[in-house]
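A.B. asks: What follows is a structure written as structure tokens; I'll ask about it next.
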Amino acid sequence: YQVTVTVLDAQTLNPIENASVTANHTYVSHAGTTDVNGEAVLDLYYEDHYELLAGKWGYDVDCFEDTILNSGVTNITMYIDQKIYDDFPFDFGWSVFGDAIKGHWVREQPVGVNIGGIIENPFTDGLFDCGREAYIIGNGSTSGNTDEVENGETVLISPVFDLTGYTNPHVNFELFYYNDIGPFYPNDTLFVSLFNGTETVDIAKFHKDNTDMSLWYPYSIPVTGLISLTSTMQLIVTISDYTATVNICEAAFDNFSVTDFSMSSADETIQSDILIHPNPAQSSIFIKGFNSGNIQFYDLSGRFIEQFVPEAELDVSNLEKGIYLMVLKDINGNIVKVSKQIIH
């Protein structure tokens with residue numbers, strides 16, 4: 001049987017051409033690309049539960065985790081927002097190069113490595129995103145000292161994106177990092193850099209002495225003033241391990257996005273007279289001191305979820321359980337408060 005998946009721009013409702021669509025079943029995955037009408041026709045074999053995903057570079061990713069598809073379901077519509085974002089369920093053209101003899105970046109579902117209670121490789125991708133893939137150093141073996149980067153470097157480079165319209169851009173991502181065990185003190189560094197078409201600037205450096213290892217951790221890095229913002233920006237993630245300091249060096253990268261505000265300062269209050277309660281909330285959030293503008297909910301990767309008009313009692317019963325960034329903006333679009341909100 002066939003199902004037509006239509007992908008629309010979440011703001012304009014215009015059809016999006018060349019968007020990637022995937023329907024994942026336990027036994028098989030079906031992939032398609034939308035046409036000029038924003039439609040992709042998938043030929044399916046199992047009437048069952050599916051994971052549906054849709055996305056395109058320059059947009060975020062929409063996903064339905066557990067959707068029943070059968071011959072009675074002929075059309076599904078999915079909505080994606082224009083955004084600099086990638087959580088890697090699709091191949092949007094990130095490139096990999098380097099001279100390491102093994103352990104290059106790959107876009108796969110992580111295969112965890114646990115050696116004596118120490119997590120050297122993550123067992124899952126980053127939290128709160130669509131799909132199960134991340135970029136990871138090597139992958140596939142559950143044994144330690146097998147797939148890590150060795151004797152050289154591996155470099156991950158994003159497709160081009162435009163930052164000229166941003167006033168306070170922050171580069172956001174989740175990172176898993178591990179560097180330990182060996183005859184020398186582990187001192188391998190992971191560099192996150194921006195390239196604007198003419199110059200490259202390091203915006204973050206991660207190593208054993210400044211990084212919480214063996215876990216996924218979110219970062220939000222301001223880049224204003226570090227580099228000239230152009231329409232031809234690219235993100236570069238570089239990690240290496242050379243024979244002079246041989247040890248185990250692993251990393252994984254997920255949930256990349258750019259926002260015009262800090263994701264890490266989500267608990268900072270710009271207007272202290274706005275009161276929001278309860279937290280955690282179940283079906284309602286009560287707001288005092290904010291009457292005009294809009295209220296936007298994002299997941300922790302910066303992906304837009306939903307927008308509300310201000311009300312004394314906000315009905316959030318349609319939001320899935322999880323942790324959100326709740327962004328309050330005035331009628332001019334200025335952020336007046338950002339807070340983490342738990343829905344349970």
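Ordering of the structure tokens sets the chain letters (A, B, ...); residue numbers start at 1 within each chain; ligands are numbered from 1 in the order shown.
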Near Ile285 in chain A, counting only C-alpha atoms, which residues have an atom at most 8 Å away, once you skip same-chain residues fewer than 4 positions from it, shown as a PyMOL selection string?

C.D. replies: chain A and resi 276-278+281+313-316

A.B. asks: Would you list the contacts of Leu69 in chain A as an NGL selection string, taking every protein, DNA or RNA residue within 12 Å and counting only C-alpha atoms, but skipping same-chain residues closer than 2 positions in sequence?

C.D. replies: :A and (1-5 or 23-25 or 42-52 or 64 or 66-67 or 71-76)

A.B. asks: With N, CA and C atoms retained, could you export that selection as an mmCIF file, in the first residue's frame?

C.D. replies:
data_model
loop_
_atom_site.group_PDB
_atom_site.id
_atom_site.type_symbol
_atom_site.label_atom_id
_atom_site.label_comp_id
_atom_site.auth_asym_id
_atom_site.auth_seq_id
_atom_site.Cartn_x
_atom_site.Cartn_y
_atom_site.Cartn_z
ATOM 1 N N TYR A 1 0.848 -1.175 0.000
ATOM 2 C CA TYR A 1 0.000 0.000 0.000
ATOM 3 C C TYR A 1 0.890 1.233 0.000
ATOM 4 N N GLN A 2 0.321 2.370 -0.376
ATOM 5 C CA GLN A 2 1.091 3.603 -0.476
ATOM 6 C C GLN A 2 0.588 4.648 0.515
ATOM 7 N N VAL A 3 1.540 5.434 1.026
ATOM 8 C CA VAL A 3 1.224 6.583 1.871
ATOM 9 C C VAL A 3 1.934 7.794 1.288
ATOM 10 N N THR A 4 1.203 8.877 1.100
ATOM 11 C CA THR A 4 1.792 10.128 0.626
ATOM 12 C C THR A 4 2.104 11.017 1.822
ATOM 13 N N VAL A 5 3.376 11.358 1.971
ATOM 14 C CA VAL A 5 3.816 12.251 3.039
ATOM 15 C C VAL A 5 4.027 13.636 2.435
ATOM 16 N N ALA A 23 10.287 6.521 6.695
ATOM 17 C CA ALA A 23 9.361 5.768 7.543
ATOM 18 C C ALA A 23 10.102 4.517 8.013
ATOM 19 N N ASN A 24 10.371 4.444 9.307
ATOM 20 C CA ASN A 24 11.145 3.336 9.870
ATOM 21 C C ASN A 24 10.241 2.328 10.559
ATOM 22 N N HIS A 25 10.348 1.082 10.129
ATOM 23 C CA HIS A 25 9.652 -0.046 10.751
ATOM 24 C C HIS A 25 10.708 -0.938 11.406
ATOM 25 N N LEU A 42 5.459 6.816 -0.477
ATOM 26 C CA LEU A 42 6.199 5.672 0.054
ATOM 27 C C LEU A 42 5.407 4.394 -0.169
ATOM 28 N N ASP A 43 6.081 3.358 -0.672
ATOM 29 C CA ASP A 43 5.483 2.033 -0.816
ATOM 30 C C ASP A 43 5.800 1.222 0.437
ATOM 31 N N LEU A 44 4.763 0.877 1.210
ATOM 32 C CA LEU A 44 4.943 0.188 2.483
ATOM 33 C C LEU A 44 4.397 -1.238 2.406
ATOM 34 N N TYR A 45 4.936 -2.098 3.255
ATOM 35 C CA TYR A 45 4.566 -3.514 3.241
ATOM 36 C C TYR A 45 3.895 -3.969 4.526
ATOM 37 N N TYR A 46 4.252 -3.359 5.639
ATOM 38 C CA TYR A 46 3.701 -3.769 6.935
ATOM 39 C C TYR A 46 2.671 -2.758 7.407
ATOM 40 N N GLU A 47 1.503 -3.230 7.801
ATOM 41 C CA GLU A 47 0.522 -2.378 8.460
ATOM 42 C C GLU A 47 0.824 -2.444 9.953
ATOM 43 N N ASP A 48 1.479 -1.396 10.449
ATOM 44 C CA ASP A 48 2.037 -1.503 11.798
ATOM 45 C C ASP A 48 2.435 -0.115 12.295
ATOM 46 N N HIS A 49 3.194 -0.090 13.392
ATOM 47 C CA HIS A 49 3.710 1.149 13.963
ATOM 48 C C HIS A 49 4.987 1.561 13.226
ATOM 49 N N TYR A 50 5.096 2.854 12.940
ATOM 50 C CA TYR A 50 6.257 3.391 12.244
ATOM 51 C C TYR A 50 6.792 4.636 12.971
ATOM 52 N N GLU A 51 8.075 4.880 12.768
ATOM 53 C CA GLU A 51 8.666 6.165 13.104
ATOM 54 C C GLU A 51 8.763 6.964 11.805
ATOM 55 N N LEU A 52 8.172 8.165 11.791
ATOM 56 C CA LEU A 52 8.191 9.012 10.605
ATOM 57 C C LEU A 52 9.076 10.224 10.860
ATOM 58 N N PHE A 64 7.399 11.763 14.086
ATOM 59 C CA PHE A 64 6.351 11.057 14.821
ATOM 60 C C PHE A 64 6.965 9.753 15.302
ATOM 61 N N ASP A 66 5.737 7.122 17.057
ATOM 62 C CA ASP A 66 4.992 5.855 17.052
ATOM 63 C C ASP A 66 3.652 6.078 16.366
ATOM 64 N N THR A 67 3.639 5.922 15.037
ATOM 65 C CA THR A 67 2.448 6.212 14.246
ATOM 66 C C THR A 67 1.974 4.945 13.550
ATOM 67 N N SER A 71 -3.417 0.539 5.246
ATOM 68 C CA SER A 71 -3.979 0.875 3.934
ATOM 69 C C SER A 71 -5.082 1.925 4.028
ATOM 70 N N GLY A 72 -5.572 2.171 5.245
ATOM 71 C CA GLY A 72 -6.585 3.207 5.421
ATOM 72 C C GLY A 72 -5.999 4.598 5.609
ATOM 73 N N VAL A 73 -4.694 4.669 5.805
ATOM 74 C CA VAL A 73 -4.013 5.958 5.965
ATOM 75 C C VAL A 73 -3.335 6.288 4.647
ATOM 76 N N THR A 74 -3.871 7.247 3.931
ATOM 77 C CA THR A 74 -3.338 7.553 2.609
ATOM 78 C C THR A 74 -2.472 8.799 2.590
ATOM 79 N N ASN A 75 -2.655 9.708 3.574
ATOM 80 C CA ASN A 75 -1.903 10.969 3.575
ATOM 81 C C ASN A 75 -1.459 11.332 4.988
ATOM 82 N N ILE A 76 -0.217 11.767 5.100
ATOM 83 C CA ILE A 76 0.351 12.286 6.344
ATOM 84 C C ILE A 76 0.977 13.641 6.026
#

A.B. asks: Extract, using only C-alpha atoms, all DNA, RNA and protein residues at most 12 Å from Ile287 in chain A, discarding same-chain residues fewer than 4 positions from it, and format them as an NGL selection string.

C.D. replies: :A and (273-279 or 291-292 or 295 or 309-315 or 326 or 328 or 337)

A.B. asks: Please provide as a tab-separated table (two decimals) with N, CA, C and O atoms, in the first residue's frame all residues within 9 Å of Leu53 in chain A, with the sequence filter that same-chain residues fewer than 6 positions apart are discarded (counting only C-alpha atoms).

C.D. replies:
chain	number	residue	atom	x	y	z
A	20	SER	N	13.75	15.45	2.78
A	20	SER	CA	13.94	14.01	2.98
A	20	SER	C	12.86	13.47	3.90
A	20	SER	O	12.51	14.10	4.90
A	21	VAL	N	12.35	12.29	3.56
A	21	VAL	CA	11.30	11.64	4.34
A	21	VAL	C	11.69	10.19	4.58
A	21	VAL	O	12.17	9.52	3.66
A	22	THR	N	11.51	9.73	5.81
A	22	THR	CA	11.80	8.33	6.12
A	22	THR	C	10.69	7.76	6.99
A	22	THR	O	10.21	8.42	7.92
A	23	ALA	N	10.29	6.52	6.69
A	23	ALA	CA	9.36	5.77	7.54
A	23	ALA	C	10.10	4.52	8.01
A	23	ALA	O	10.44	3.65	7.21
A	24	ASN	N	10.37	4.44	9.31
A	24	ASN	CA	11.15	3.34	9.87
A	24	ASN	C	10.24	2.33	10.56
A	24	ASN	O	9.46	2.68	11.45
A	61	VAL	N	13.79	19.34	11.95
A	61	VAL	CA	13.29	18.00	11.63
A	61	VAL	C	12.00	17.75	12.40
A	61	VAL	O	11.90	18.05	13.60
A	62	ASP	N	10.98	17.24	11.71
A	62	ASP	CA	9.74	16.85	12.36
A	62	ASP	C	9.72	15.33	12.44
A	62	ASP	O	10.20	14.64	11.54
A	63	CYS	N	9.17	14.80	13.54
A	63	CYS	CA	9.15	13.35	13.68
A	63	CYS	C	7.93	12.90	14.48
A	63	CYS	O	7.49	13.59	15.40
A	64	PHE	N	7.40	11.76	14.09
A	64	PHE	CA	6.35	11.06	14.82
A	64	PHE	C	6.97	9.75	15.30
A	64	PHE	O	7.36	8.91	14.49
A	65	GLU	N	7.06	9.58	16.60
A	65	GLU	CA	7.78	8.44	17.14
A	65	GLU	C	7.06	7.12	16.95
A	65	GLU	O	7.67	6.08	16.72
A	78	MET	N	3.48	16.73	7.45
A	78	MET	CA	4.50	17.06	8.44
A	78	MET	C	4.95	18.50	8.21
A	78	MET	O	4.93	19.00	7.08
A	89	PRO	N	19.29	12.59	11.53
A	89	PRO	CA	18.61	11.39	11.01
A	89	PRO	C	18.77	11.25	9.50
A	89	PRO	O	18.55	10.18	8.96
A	90	PHE	N	19.13	12.37	8.82
A	90	PHE	CA	19.35	12.36	7.38
A	90	PHE	C	20.78	12.81	7.08
A	90	PHE	O	21.43	13.46	7.90
A	130	CYS	N	15.12	14.06	17.14
A	130	CYS	CA	14.48	13.07	16.28
A	130	CYS	C	15.52	12.06	15.80
A	130	CYS	O	16.69	12.40	15.61
A	131	GLY	N	15.09	10.85	15.56
A	131	GLY	CA	15.99	9.82	15.08
A	131	GLY	C	16.93	9.32	16.16
A	131	GLY	O	16.83	9.69	17.33

A.B. asks: By how many Å are CA of Ile239 in chain A and CA of Asp202 in chain A apart?

C.D. replies: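 For CA of Ile239 in chain A relative to CA of Asp202 in chain A, the distance reads 12.7 Å.
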
A.B. asks: CA of His104 in chain A to CA of Asp125 in chain A: how many Å, to one decimal?

C.D. replies: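 Distance between the two atoms: 17.0 Å.
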
A.B. asks: Given the choices A:Gly197, A:Gly98, A:Pro169, A:Gly140, which gets closest to Glu153 in chain A if the distance is worked out from only C-alpha atoms?

C.D. replies: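 The shortest atom-to-atom distance to Glu153 in chain A comes from A:Gly98.
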
A.B. asks: Please compute the CA of Leu319 in chain A-CA of Asp9 in chain A distance, one decimal, in Å.

C.D. replies: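 Atom-to-atom, CA of Leu319 in chain A and CA of Asp9 in chain A are spaced 20.3 Å apart.
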
A.B. asks: Select, from A:Phe286, A:Trp105, A:Phe161, A:Trp94, the residue with the minimum atom-to-atom distance to Gly138 in chain A, counting only C-alpha atoms.

C.D. replies: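 Using only C-alpha atoms, the shortest distance to Gly138 in chain A belongs to A:Trp105.
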
A.B. asks: Would you please work out which residue, of A:Ile80, A:Asn70, A:Val41, A:Val36, is nearest to Leu13 in chain A when using only C-alpha atoms?

C.D. replies: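 Among the listed residues, A:Ile80 lies closest to Leu13 in chain A.
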
A.B. asks: Here is a test: counting only C-alpha atoms, which residue of A:Pro222, A:Ile248, A:Lys102, A:Ile227 is nearest to Asn196 in chain A?

C.D. replies: A:Ile227

A.B. asks: With only C-alpha atoms as the basis for distance, which of A:Pro186, A:Gly293, A:Pro15, A:Gly112 is at the shortest distance from Gly144 in chain A?

C.D. replies: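 Selected residue with least distance to Gly144 in chain A: A:Gly112.
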
A.B. asks: List the neighbours of range 215-217 of chain A out to 7 Å using only C-alpha atoms; skip same-chain residues closer than 3 positions along the sequence, and give me the result as a list in words.

C.D. replies: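 Neighbouring residues, sequence-local ones excluded: Gly126, Glu174, Leu175 and Phe176 of chain A.
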
A.B. asks: A:Thr238, A:Ile157, A:Val192, A:Thr167: which is nearest Gly225 in chain A, counting only C-alpha atoms?

C.D. replies: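 Closest to Gly225 in chain A of all the choices is A:Thr167.
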
A.B. asks: Compile the contact shell of Asp147 in chain A as a list of chain:residue names: residues with an atom at most 12 Å away, counting only C-alpha atoms, same-chain residues fewer than 2 positions apart removed.

C.D. replies: A:Ala100, A:Ile101, A:Lys102, A:Gly103, A:His104, A:Trp105, A:Val106, A:Pro110, A:Val111, A:Gly112, A:Val113, A:Glu120, A:Asn121, A:Ile136, A:Ile137, A:Gly138, A:Asn139, A:Gly140, A:Ser141, A:Thr142, A:Ser143, A:Gly144, A:Asn145, A:Val149, A:Glu150, A:Ile248, A:Cys249, A:Glu250, A:Ala251

A.B. asks: Write down as a ChimeraX atom specification the residues belonging to range 48-275 of chain A that are assigned strand (DSSP E) by DSSP computed on the backbone.

C.D. replies: /A:48-55,61-69,75-80,85-86,95-98,105-108,113-115,118-121,134-137,152-157,170-180,190-195,200-206,216-222,234-241,248-259,275
